[in-house]
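Visitor: What follows is a single structure, and I will ask about it in a moment.
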Amino acid sequence: MKLDSRVPTGPLESKWERHQFEMKLVNPANKRKFKVCVVGSGLAGASAAATLAELGYEVDCLCFQDSPRRAHSIAAQGGINAAKNYQNDGDSVYRLFYDTIKGGDFRAREANVYRLAQVSENIIDQCVAQGVPFAREYGGHLDNRSFGGAQVSRTFYARGQTGQQLLLGAYSALARQIGRGTVKMYPRTEMLDLVIVDGKARGVVTRNLVTGAMGRFAADAVVLATGGYSNVFNLSTNAVGCNVTASYRAYKHGAAFANPCYTQIHPTCIPQSGDYQSKLTLMSESLRNDGRVWVPREADDKRDPREIPEDERDYYLERKYPSFGNLAPRDIASRSAKEVCDEGRGVGPGGRGVFLDFADSIQRLGESSIRERYGNLFEMYGRITGENPYQRPMRIYPAPHYTMGGLWVDYNLMSTLPGLHVLGEANFSDHGANRLGASALMQGLADGYFVIPYTIGHYLASNALPKVDTDHPEFQAAEGRACEKINRLLAVQGGRTVDSFHQELGKLCWDYCGMARNRDGLSKALELIPQLRSEFWENVKVPGSGAQFNQSLERAGRVADFLEFAELLCYDARDREESCGGHFREEHQTGEGEALRNDDDYCYAAAWEFDGVGKKPKLHKENLVFENVALAVRSYK
Amino acid sequence: MRLTLEVWRQLDAQTAGMFETYEVPDASEHMSFLELLDHLNESLVRDGQEPIAFDSDCREGICGMCSLVVNGVPHGPQRATTVCQLHMREFNDGDRIVVEPWRAGPFPVIRDLVVDRTSFDRIIEAGGYVAVNTGGAPDANAVPIGKDEADIAFQAAVCIGCGACVAACKNASAMLFVSAKVAQFAHLPQGQPERKRRVRDMVGQMDREGFGGCTNTYDCEGACPKEIPVRFIAEMNRGFLAAKITE
Ligand SMILES: Cc1cc2nc3c(=O)[nH]c(=O)nc-3n(C[C@H](O)[C@H](O)[C@H](O)COP(=O)(O)OP(=O)(O)OC[C@H]3O[C@@H](n4cnc5c(N)ncnc54)[C@H](O)[C@@H]3O)c2cc1C
Ligand code: FES
């Protein structure tokens with residue numbers, strides 16, 4: 001396998017423009033002769049499908065929810081970054097680029113990140129033109145806030161539901177094309193396999209989740225925009241349906257999977273309350289703008305937080321990172337929370353929580369200002385916990401939230417499988433080892449609105465793509481494989497539910513490959529995962545049949561893939577003998593407990609090639625070349 | 001908590017459904033309503049029965065996928081709360097709880113508590129957008145929009161498309177849903193050029209899908225988890241009339 005990043009030569013600032021000029025174009029009259037299959041209708045998929053259809057391509061779009069409007073992107077709360085510099089506070093394309101590269105702990109590709117920062121401005125213009133109701137000032141101009149550890153205010157937001165408003169914008173553009181017949185939309189349709197013909201991705205095989213019927217979609221190019229894999233941890237802030245199936249099955253066909261160990265654990269989530277729990281709820285990071293994080297100074301302090309005097313509290317982020325304080329980046333804030341809880345100073349049931357306290361802000365700004373800023377979040381917290389955060393500090397704890405790793409893509413967003421393009425959270429491209437707040441929405445929309453429409457044209461124009469239809473033997477073979485897997489799942493008829501396996505796998509990944517990892521733990525996980533997988537295939541119980549609406553079967557297929565994928569995650573985490581961003585290896589830390597990178601040996605993206613279930617995949621390295629920024633220690637002190 | 005659930009079970013749209021009774025002896029007050037169903041489903045599967053089918057995804061009140069009628073009320077008893085955000089502390093030990101799907105002609109049952117809401121998508125496809133292609137949009141601050149107007153547009157834009165408004169309405173009217181989208185764009189300069197066409201086309205599609213008319217009982221507003229006000233319906237009616245008159 002050869003990793004060719006296809007990064008254009010020349011100065012950083014003009015790479016994309018030059019590349020756009022150098023790429024081949026598809027003649028407008030010919031576009032309708034090409035068909036693109038877009039899997040996923042989140043920000044990345046919906047924006048891509050709509051834009052490709054506007055350009056004249058024929059598009060099929062699939063999602064597993066009942067409507068494209070419900071993709072997981074809908075849940076994003078905080079905001080979307082763009083280098084507009086509307087606040088005149090010194091922002092620029094270069095600063096957004098630099099912050100993202102640094103925030104990613106120097107493990108992302110410079111050229112991609114720069115392009116992301118460049119097109120960020122167009123995204124906001126586009127969304128406003130679609131009628132996305134971003135927050136505004138009284139004068140009528142767009143409001144911004146600082147978010148996720150940025151020192152400039154570049155985040156555009158729509159109260160606490162930015163993802164919803166952006167997705168509804170993309171969905172409306174998609175709906176317009178569906179109405180015109182240029183996009184055919186297939187909701188409640190799950191991709192189960194990828195079809196490769198003559199070395200190129202030429203379609204997918206699906207299951208209709210309502211009827212159980214298998215489906216075949218032939219195309220000239222395939223776009224995966226199927227989101228991230230945080231649910232390998234079972235409990236995460238992701239929607240319960242999020243899964244790795246599409247990417248993983250592409251990986252099994254030879255698409256390299258890059259940096260799976262870069263997982264983001266978000267510091268501000270509501271702590272787990274019991275075993276029955278199905279997901280963890282994020283409390284937007286914006287809360288850290290006005291909330292102060294603390295734990296009692298002494299271990300096992302069970303007093304009501306309001307009765308603990310100032311000098312018996314430890315505002316540990318303010319203490320350890322005086323210049324960023326409560327706004328320290330996610331990986332750092334999460335690890336610090338784990339540390340104080342490991343010391344026995346955690347609060348709430350089980351001692352896995354820290355306080356996020358608004359008392360000072362309420363005193364300074366008044367309760368009504370806090371309500372105006374965070375009202376919906378406070379309500380959500382109240383509903384879930386039954387506590388009133390205006391009166392007593394919230395309790396928060398880190399939870400899996402986002403996955404920086406994903407299918408490896410080149411500058412054109414194409415994977416190592418020709419014709420298979422990967423967008424949004426499903427690819428590995430822009431966030432290195434740690435993603436900054438408000439950057440995922442930006443990346444998903446950049447990929448879908450402004451990158452893939454150009455690069456896919458280049459692919460289609462420069463490759464011979466003889467017509468392939470759905471009775472091609474490769475389609476039959478792929479459908480056969482997918483059916484065989486379904487039948488195997490249904491045939492086990494063991495004694496354990498799918499969810500119980502998912503819970504056990506999630507706990508295993510969290511314990512050994514969560515916020516802090518070490519070689520022994522990862523080796524242990526690599527022993528345990530195959531055992532759990534064998535048990536799954538011997539003892540799982542999937543009721544019902546394949547020829548019906550069957551949610552247990554849907555989940556079983558996803559968990560089966562997670563059970564293989566988890567091994568890949570742990571191999572990567574064990575191989576990377578350094579700490580960087582969301583990947584913290586206990587063996588590699590400074591005297592003060594900060595992450596210790598190893599640029600001499602690990603300044604590369606690890607792209608893994610499948611080599612059989614249960615076998616260690618093959619590692620390929622894309623060396624990261626930094627021509628414009630100097631690798632520095634990421635300090636937020 | 002010990003609870004008795006009466007749950008609607010239905011194989012598919014063609015087969016008649018019926019209530020089944022289930023005992024849950026060990027619910028926790030911290031569970032969400034959907035976690036209660038997960039918990040019940042785990043025990044059904046262990047006992048060799050088919051689990052209760054219900055829709056959900058985000059489980060934090062924003063995707064609009066969850067859709068249960070609890071004790072006769074879409075999304076259950078708590079105001080401004082989707083059923084995925086409803087927690088069992090809102091109930092009492094020993095309660096008997098009736099769980100049904102959205103019931104409306106344009107939302108046929110797929111299985112148990114899962115319904116087909118693609119009619120909503122078709123209404124949006126008929127005109128619930130600003131017709132703008134990607135690229136070439138003017139600078140986002142080129143057209144200032146006063147905060148007050150922007151806030152009204154936002155209040156309409158928060159609709160999650162769950163369909164509770166339809167489920168709550170004795171006429172199965174979708175007016176609240178449609179008017180929310182119409183109002184979002186009617187209050188923004190970007191929505192003006194297509195204003196008349198949009199309301200006409202969306203209302204036309206709504207009628208074709210078989211949704212009923214509005215007879216001002218306001219049950220939709222009460223059931224809306226996002227508290228979208230019925231005054232948007234009145235606004236839409238005015239807009240619709242104006243569009244018809246100038247046709
Ligand atoms: C609670 C929360 C809050 C967040 N807040 C922010 C924020 O404030 N700012 C920010 O920048 N980012 C935020 N993020 C991250 C961001 O929301 C996501 O990374 C981003 O939306 C992912 O978009 P996507 O289009 O790549 O994938 P998704 O939105 O996850 O969409 C995936 C799509 O793929 C489809 N799909 C998946 N598998 C299959 C299959 N096998 N077959 C068919 N279809 C399939 C799904 O149906 C769906 O349509 C947040 C994330 C969470 C969890
Ligand atoms: S599951 Fe998303 S709103 Fe309830």
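Going by the structure tokens order, chains are called A, B, ..., each with residues numbered from 1, while ligands are numbered from 1 in the order shown.
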Each residue of chain B with at least one atom at most 8 Å from ligand 2 should appear once, together with its nearest atom pair and the corresponding distance in Å (one decimal); atoms considered: only C-alpha atoms and all ligand atoms; ordering: chain, then increasing residue number; output as JSON lines.
Guide:
{"residue": "B:Asp55", "atom": "CA", "partner": "ligand 2", "partner_atom_place_in_ligand_line": "1 (S)", "distance": 7.2}
{"residue": "B:Ser56", "atom": "CA", "partner": "ligand 2", "partner_atom_place_in_ligand_line": "1 (S)", "distance": 3.9}
{"residue": "B:Asp57", "atom": "CA", "partner": "ligand 2", "partner_atom_place_in_ligand_line": "1 (S)", "distance": 4.4}
{"residue": "B:Cys58", "atom": "CA", "partner": "ligand 2", "partner_atom_place_in_ligand_line": "2 (Fe)", "distance": 4.0}
{"residue": "B:Arg59", "atom": "CA", "partner": "ligand 2", "partner_atom_place_in_ligand_line": "1 (S)", "distance": 3.7}
{"residue": "B:Glu60", "atom": "CA", "partner": "ligand 2", "partner_atom_place_in_ligand_line": "2 (Fe)", "distance": 5.5}
{"residue": "B:Gly61", "atom": "CA", "partner": "ligand 2", "partner_atom_place_in_ligand_line": "3 (S)", "distance": 3.5}
{"residue": "B:Ile62", "atom": "CA", "partner": "ligand 2", "partner_atom_place_in_ligand_line": "3 (S)", "distance": 4.4}
{"residue": "B:Cys63", "atom": "CA", "partner": "ligand 2", "partner_atom_place_in_ligand_line": "2 (Fe)", "distance": 3.8}
{"residue": "B:Gly64", "atom": "CA", "partner": "ligand 2", "partner_atom_place_in_ligand_line": "3 (S)", "distance": 3.9}
{"residue": "B:Met65", "atom": "CA", "partner": "ligand 2", "partner_atom_place_in_ligand_line": "2 (Fe)", "distance": 4.8}
{"residue": "B:Cys66", "atom": "CA", "partner": "ligand 2", "partner_atom_place_in_ligand_line": "4 (Fe)", "distance": 4.2}
{"residue": "B:Ser67", "atom": "CA", "partner": "ligand 2", "partner_atom_place_in_ligand_line": "4 (Fe)", "distance": 7.3}
{"residue": "B:Thr82", "atom": "CA", "partner": "ligand 2", "partner_atom_place_in_ligand_line": "4 (Fe)", "distance": 5.6}
{"residue": "B:Val83", "atom": "CA", "partner": "ligand 2", "partner_atom_place_in_ligand_line": "4 (Fe)", "distance": 6.1}
{"residue": "B:Cys84", "atom": "CA", "partner": "ligand 2", "partner_atom_place_in_ligand_line": "4 (Fe)", "distance": 4.4}
{"residue": "B:Gln85", "atom": "CA", "partner": "ligand 2", "partner_atom_place_in_ligand_line": "4 (Fe)", "distance": 6.8}
{"residue": "B:Ile160", "atom": "CA", "partner": "ligand 2", "partner_atom_place_in_ligand_line": "3 (S)", "distance": 7.4}
{"residue": "B:Cys162", "atom": "CA", "partner": "ligand 2", "partner_atom_place_in_ligand_line": "3 (S)", "distance": 7.5}
Visitor: Would you give me, as JSON lines, each residue of chain B having an atom within 6 Å of an atom of chain A, along with its shortest atom pair and that distance in Å to one decimal, using only C-alpha atoms and sorting by chain and residue number?
Guide:
{"residue": "B:Glu50", "atom": "CA", "partner": "A:Pro543", "partner_atom": "CA", "distance": 5.9}
{"residue": "B:Asp57", "atom": "CA", "partner": "A:Ala239", "partner_atom": "CA", "distance": 5.0}
{"residue": "B:Cys58", "atom": "CA", "partner": "A:Ala239", "partner_atom": "CA", "distance": 4.0}
{"residue": "B:Cys63", "atom": "CA", "partner": "A:Arg70", "partner_atom": "CA", "distance": 4.8}
{"residue": "B:Glu125", "atom": "CA", "partner": "A:Ala175", "partner_atom": "CA", "distance": 4.6}
{"residue": "B:Tyr129", "atom": "CA", "partner": "A:Ser172", "partner_atom": "CA", "distance": 5.0}
{"residue": "B:Val130", "atom": "CA", "partner": "A:Gln130", "partner_atom": "CA", "distance": 5.4}
{"residue": "B:Ala137", "atom": "CA", "partner": "A:Gln126", "partner_atom": "CA", "distance": 5.4}
{"residue": "B:Asp139", "atom": "CA", "partner": "A:Asp125", "partner_atom": "CA", "distance": 5.3}
{"residue": "B:Ala140", "atom": "CA", "partner": "A:Asp125", "partner_atom": "CA", "distance": 4.4}
{"residue": "B:Asn141", "atom": "CA", "partner": "A:His141", "partner_atom": "CA", "distance": 5.8}
{"residue": "B:Pro144", "atom": "CA", "partner": "A:Gly140", "partner_atom": "CA", "distance": 4.3}
{"residue": "B:Ile145", "atom": "CA", "partner": "A:Gly140", "partner_atom": "CA", "distance": 4.2}
{"residue": "B:Gly146", "atom": "CA", "partner": "A:Gly140", "partner_atom": "CA", "distance": 4.2}
{"residue": "B:Lys147", "atom": "CA", "partner": "A:Tyr138", "partner_atom": "CA", "distance": 4.9}
{"residue": "B:Phe154", "atom": "CA", "partner": "A:Pro133", "partner_atom": "CA", "distance": 5.7}
{"residue": "B:Gln190", "atom": "CA", "partner": "A:Gly131", "partner_atom": "CA", "distance": 5.9}
Visitor: Can I get the selection written as a PDB file, in the first residue's frame, with N, CA and C atoms?
Guide:
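Written out: result32.pdb:
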ATOM      1  N   GLU B  50     -39.712 -11.011  21.476  1.00  0.00           N
ATOM      2  CA  GLU B  50     -39.199  -9.923  20.647  1.00  0.00           C
ATOM      3  C   GLU B  50     -39.319  -8.603  21.385  1.00  0.00           C
ATOM      4  N   ASP B  57     -32.546   8.327  18.690  1.00  0.00           N
ATOM      5  CA  ASP B  57     -31.141   8.387  18.284  1.00  0.00           C
ATOM      6  C   ASP B  57     -30.341   9.267  19.231  1.00  0.00           C
ATOM      7  N   CYS B  58     -30.552  10.585  19.197  1.00  0.00           N
ATOM      8  CA  CYS B  58     -29.687  11.456  20.002  1.00  0.00           C
ATOM      9  C   CYS B  58     -29.888  11.262  21.498  1.00  0.00           C
ATOM     10  N   CYS B  63     -32.867  15.504  18.031  1.00  0.00           N
ATOM     11  CA  CYS B  63     -32.943  14.918  16.681  1.00  0.00           C
ATOM     12  C   CYS B  63     -34.388  14.716  16.229  1.00  0.00           C
ATOM     13  N   GLU B 125     -39.421  19.176   1.199  1.00  0.00           N
ATOM     14  CA  GLU B 125     -38.948  19.099  -0.192  1.00  0.00           C
ATOM     15  C   GLU B 125     -39.779  19.982  -1.125  1.00  0.00           C
ATOM     16  N   TYR B 129     -37.165  25.639   2.028  1.00  0.00           N
ATOM     17  CA  TYR B 129     -35.742  25.996   1.887  1.00  0.00           C
ATOM     18  C   TYR B 129     -35.642  27.355   1.241  1.00  0.00           C
ATOM     19  N   VAL B 130     -34.431  27.910   1.287  1.00  0.00           N
ATOM     20  CA  VAL B 130     -34.119  29.074   0.470  1.00  0.00           C
ATOM     21  C   VAL B 130     -33.366  28.514  -0.734  1.00  0.00           C
ATOM     22  N   ALA B 137     -22.154  33.021  -2.180  1.00  0.00           N
ATOM     23  CA  ALA B 137     -22.998  33.743  -1.223  1.00  0.00           C
ATOM     24  C   ALA B 137     -22.287  35.028  -0.807  1.00  0.00           C
ATOM     25  N   ASP B 139     -21.020  38.147   1.654  1.00  0.00           N
ATOM     26  CA  ASP B 139     -20.490  38.118   3.007  1.00  0.00           C
ATOM     27  C   ASP B 139     -21.630  38.052   4.023  1.00  0.00           C
ATOM     28  N   ALA B 140     -21.424  37.237   5.023  1.00  0.00           N
ATOM     29  CA  ALA B 140     -22.503  36.949   5.967  1.00  0.00           C
ATOM     30  C   ALA B 140     -23.016  38.190   6.686  1.00  0.00           C
ATOM     31  N   ASN B 141     -22.166  39.211   6.799  1.00  0.00           N
ATOM     32  CA  ASN B 141     -22.613  40.433   7.472  1.00  0.00           C
ATOM     33  C   ASN B 141     -23.101  41.494   6.490  1.00  0.00           C
ATOM     34  N   PRO B 144     -27.518  43.095   7.448  1.00  0.00           N
ATOM     35  CA  PRO B 144     -27.780  43.003   8.891  1.00  0.00           C
ATOM     36  C   PRO B 144     -29.228  42.579   9.136  1.00  0.00           C
ATOM     37  N   ILE B 145     -29.426  41.811  10.169  1.00  0.00           N
ATOM     38  CA  ILE B 145     -30.784  41.406  10.536  1.00  0.00           C
ATOM     39  C   ILE B 145     -30.963  41.766  12.007  1.00  0.00           C
ATOM     40  N   GLY B 146     -31.934  42.603  12.294  1.00  0.00           N
ATOM     41  CA  GLY B 146     -32.134  43.051  13.676  1.00  0.00           C
ATOM     42  C   GLY B 146     -32.320  41.857  14.602  1.00  0.00           C
ATOM     43  N   LYS B 147     -31.811  41.987  15.811  1.00  0.00           N
ATOM     44  CA  LYS B 147     -31.838  40.856  16.731  1.00  0.00           C
ATOM     45  C   LYS B 147     -33.268  40.392  16.999  1.00  0.00           C
ATOM     46  N   PHE B 154     -35.546  32.444  14.906  1.00  0.00           N
ATOM     47  CA  PHE B 154     -34.933  31.353  15.659  1.00  0.00           C
ATOM     48  C   PHE B 154     -35.976  30.552  16.421  1.00  0.00           C
ATOM     49  N   GLN B 190     -33.478  36.597   3.712  1.00  0.00           N
ATOM     50  CA  GLN B 190     -33.145  35.553   2.733  1.00  0.00           C
ATOM     51  C   GLN B 190     -34.390  34.826   2.239  1.00  0.00           C
TER      52      GLN B 190
END
Visitor: Would you list, as a PyMOL selection string, the residues of stretch 69-218 of chain B that end up in strand (DSSP E) under DSSP run on this structure's backbone?
Guide: chain B and resi 69-70+73-74+96-101+109-111+114-115
Visitor: Let's see if you can do this: from backbone DSSP, list all helix (DSSP H, G or I) residues in chain B, as a count of residues only.
Guide: 90
Visitor: Using only C-alpha atoms and all ligand atoms, which protein or nucleic acid residues are at most 6 Å from ligand 1, as an MDAnalysis selection string?
Guide: chainID A and resid 39:45 62:65 68 71:73 75:80 189:192 225:227 237:238 243 245:246 282 401 424:426 437:442 444
Visitor: Just give me the gap between atom CA of A:Pro473 and atom CA of A:Thr182 in Å, one decimal is fine.
Guide: 27.9 Å
Visitor: Please list as a list of chain:residue names every residue within 9 Å of A:Ala250, counting only C-alpha atoms and excluding residues in the same chain fewer than 5 positions away.
Guide: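 Residues near the query, excluding close chain neighbours: A:Asp193, A:Leu194, A:Thr245, A:Ala255, A:Ala256, A:Leu407, A:Leu417, A:Leu420.
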Visitor: Would you mind exporting the chosen residues as a PDB file, in the first residue's frame, restricted to C-alpha atoms?
Guide:
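Saved as again-v6.pdb:
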ATOM      1  CA  ASP A 193     -20.686  -3.524   2.384  1.00  0.00           C
ATOM      2  CA  LEU A 194     -18.659  -1.713  -0.197  1.00  0.00           C
ATOM      3  CA  THR A 245     -19.773  -0.202  10.301  1.00  0.00           C
ATOM      4  CA  ALA A 255      -9.008   1.383   2.822  1.00  0.00           C
ATOM      5  CA  ALA A 256      -6.347   2.339   5.365  1.00  0.00           C
ATOM      6  CA  LEU A 407     -10.243   6.449   7.221  1.00  0.00           C
ATOM      7  CA  LEU A 417      -9.218   2.747  -2.314  1.00  0.00           C
ATOM      8  CA  LEU A 420     -13.863   5.922  -2.181  1.00  0.00           C
TER       9      LEU A 420
END
Visitor: Residues at most 10 Å from stretch 15-24 of chain B, counting only C-alpha atoms, excluding those fewer than 5 positions away in the same chain, as a PyMOL selection string?
Guide: chain B and resi 1-10+36-37+39-40+43-44+94+96-100+109+111-112
Visitor: Which residue is closest to A:His502? Choose from A:Met515, A:Val422, A:Leu317, A:Val232 and count only C-alpha atoms.
Guide: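 Among A:Met515, A:Val422, A:Leu317, A:Val232, it is A:Val232 that comes nearest to A:His502.
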Visitor: Please provide the set of residues having any atom within 8 Å of stretch 596-613 of chain A, restricted to only C-alpha atoms, with same-chain residues fewer than 3 positions apart removed, written as a ChimeraX atom specification.
Guide: /A:1,106-108,251-259,408,564,572,576-580,588-590,616-624
Visitor: May I ask which of the residues A:Glu554, A:Glu310, A:Glu17, A:Glu535 is the closest one to A:Val119, counting only C-alpha atoms?
Guide: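 Using only C-alpha atoms, A:Val119 sits closest to A:Glu17.
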Visitor: Calculate how many Å separate atom CA of A:Pro393 from atom CA of A:Phe358, rounding to one decimal.
Guide: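 Spanning atom CA of A:Pro393 to atom CA of A:Phe358 is a straight-line distance of 6.5 Å.
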Visitor: May I ask for the distance between atom CA of A:Val468 and atom CA of A:Val195, given in Å to one decimal place?
Guide: 10.6 Å
Visitor: Please identify all polymer residues within 7 Å of stretch 201-214 of chain B, counting only C-alpha atoms, omitting same-chain residues fewer than 3 positions from it, and present them as a CSV table (one decimal) with C-alpha atoms, in the first residue's frame.
Guide:
chain,number,residue,atom,x,y,z
B,106,PRO,CA,-50.1,10.4,7.4
B,119,SER,CA,-44.5,12.9,4.8
B,123,ILE,CA,-43.4,18.9,2.8
B,124,ILE,CA,-39.9,20.3,3.3
B,126,ALA,CA,-41.9,21.0,-1.6
B,127,GLY,CA,-40.5,24.3,-0.5
B,128,GLY,CA,-39.0,24.4,3.0
B,171,ASN,CA,-57.5,16.4,13.2
B,172,ALA,CA,-53.9,15.2,12.7
B,173,SER,CA,-53.0,18.7,11.5
B,174,ALA,CA,-49.4,19.5,10.6
B,175,MET,CA,-50.0,23.2,10.7
B,197,ARG,CA,-44.4,30.3,-3.5
B,198,ARG,CA,-43.0,28.6,-0.4
Visitor: Need the shell around A:Ile265: protein/DNA/RNA residues with any atom at most 8 Å away, counting only C-alpha atoms. Skip same-chain ones fewer than 2 positions apart. Format as a list in words?
Guide: Thr263, Pro267, Arg330, Asp331, Ser334, Pro398, Ala399, Pro400, His401, Tyr402, Gly514, Met515 and Gly582 of chain A
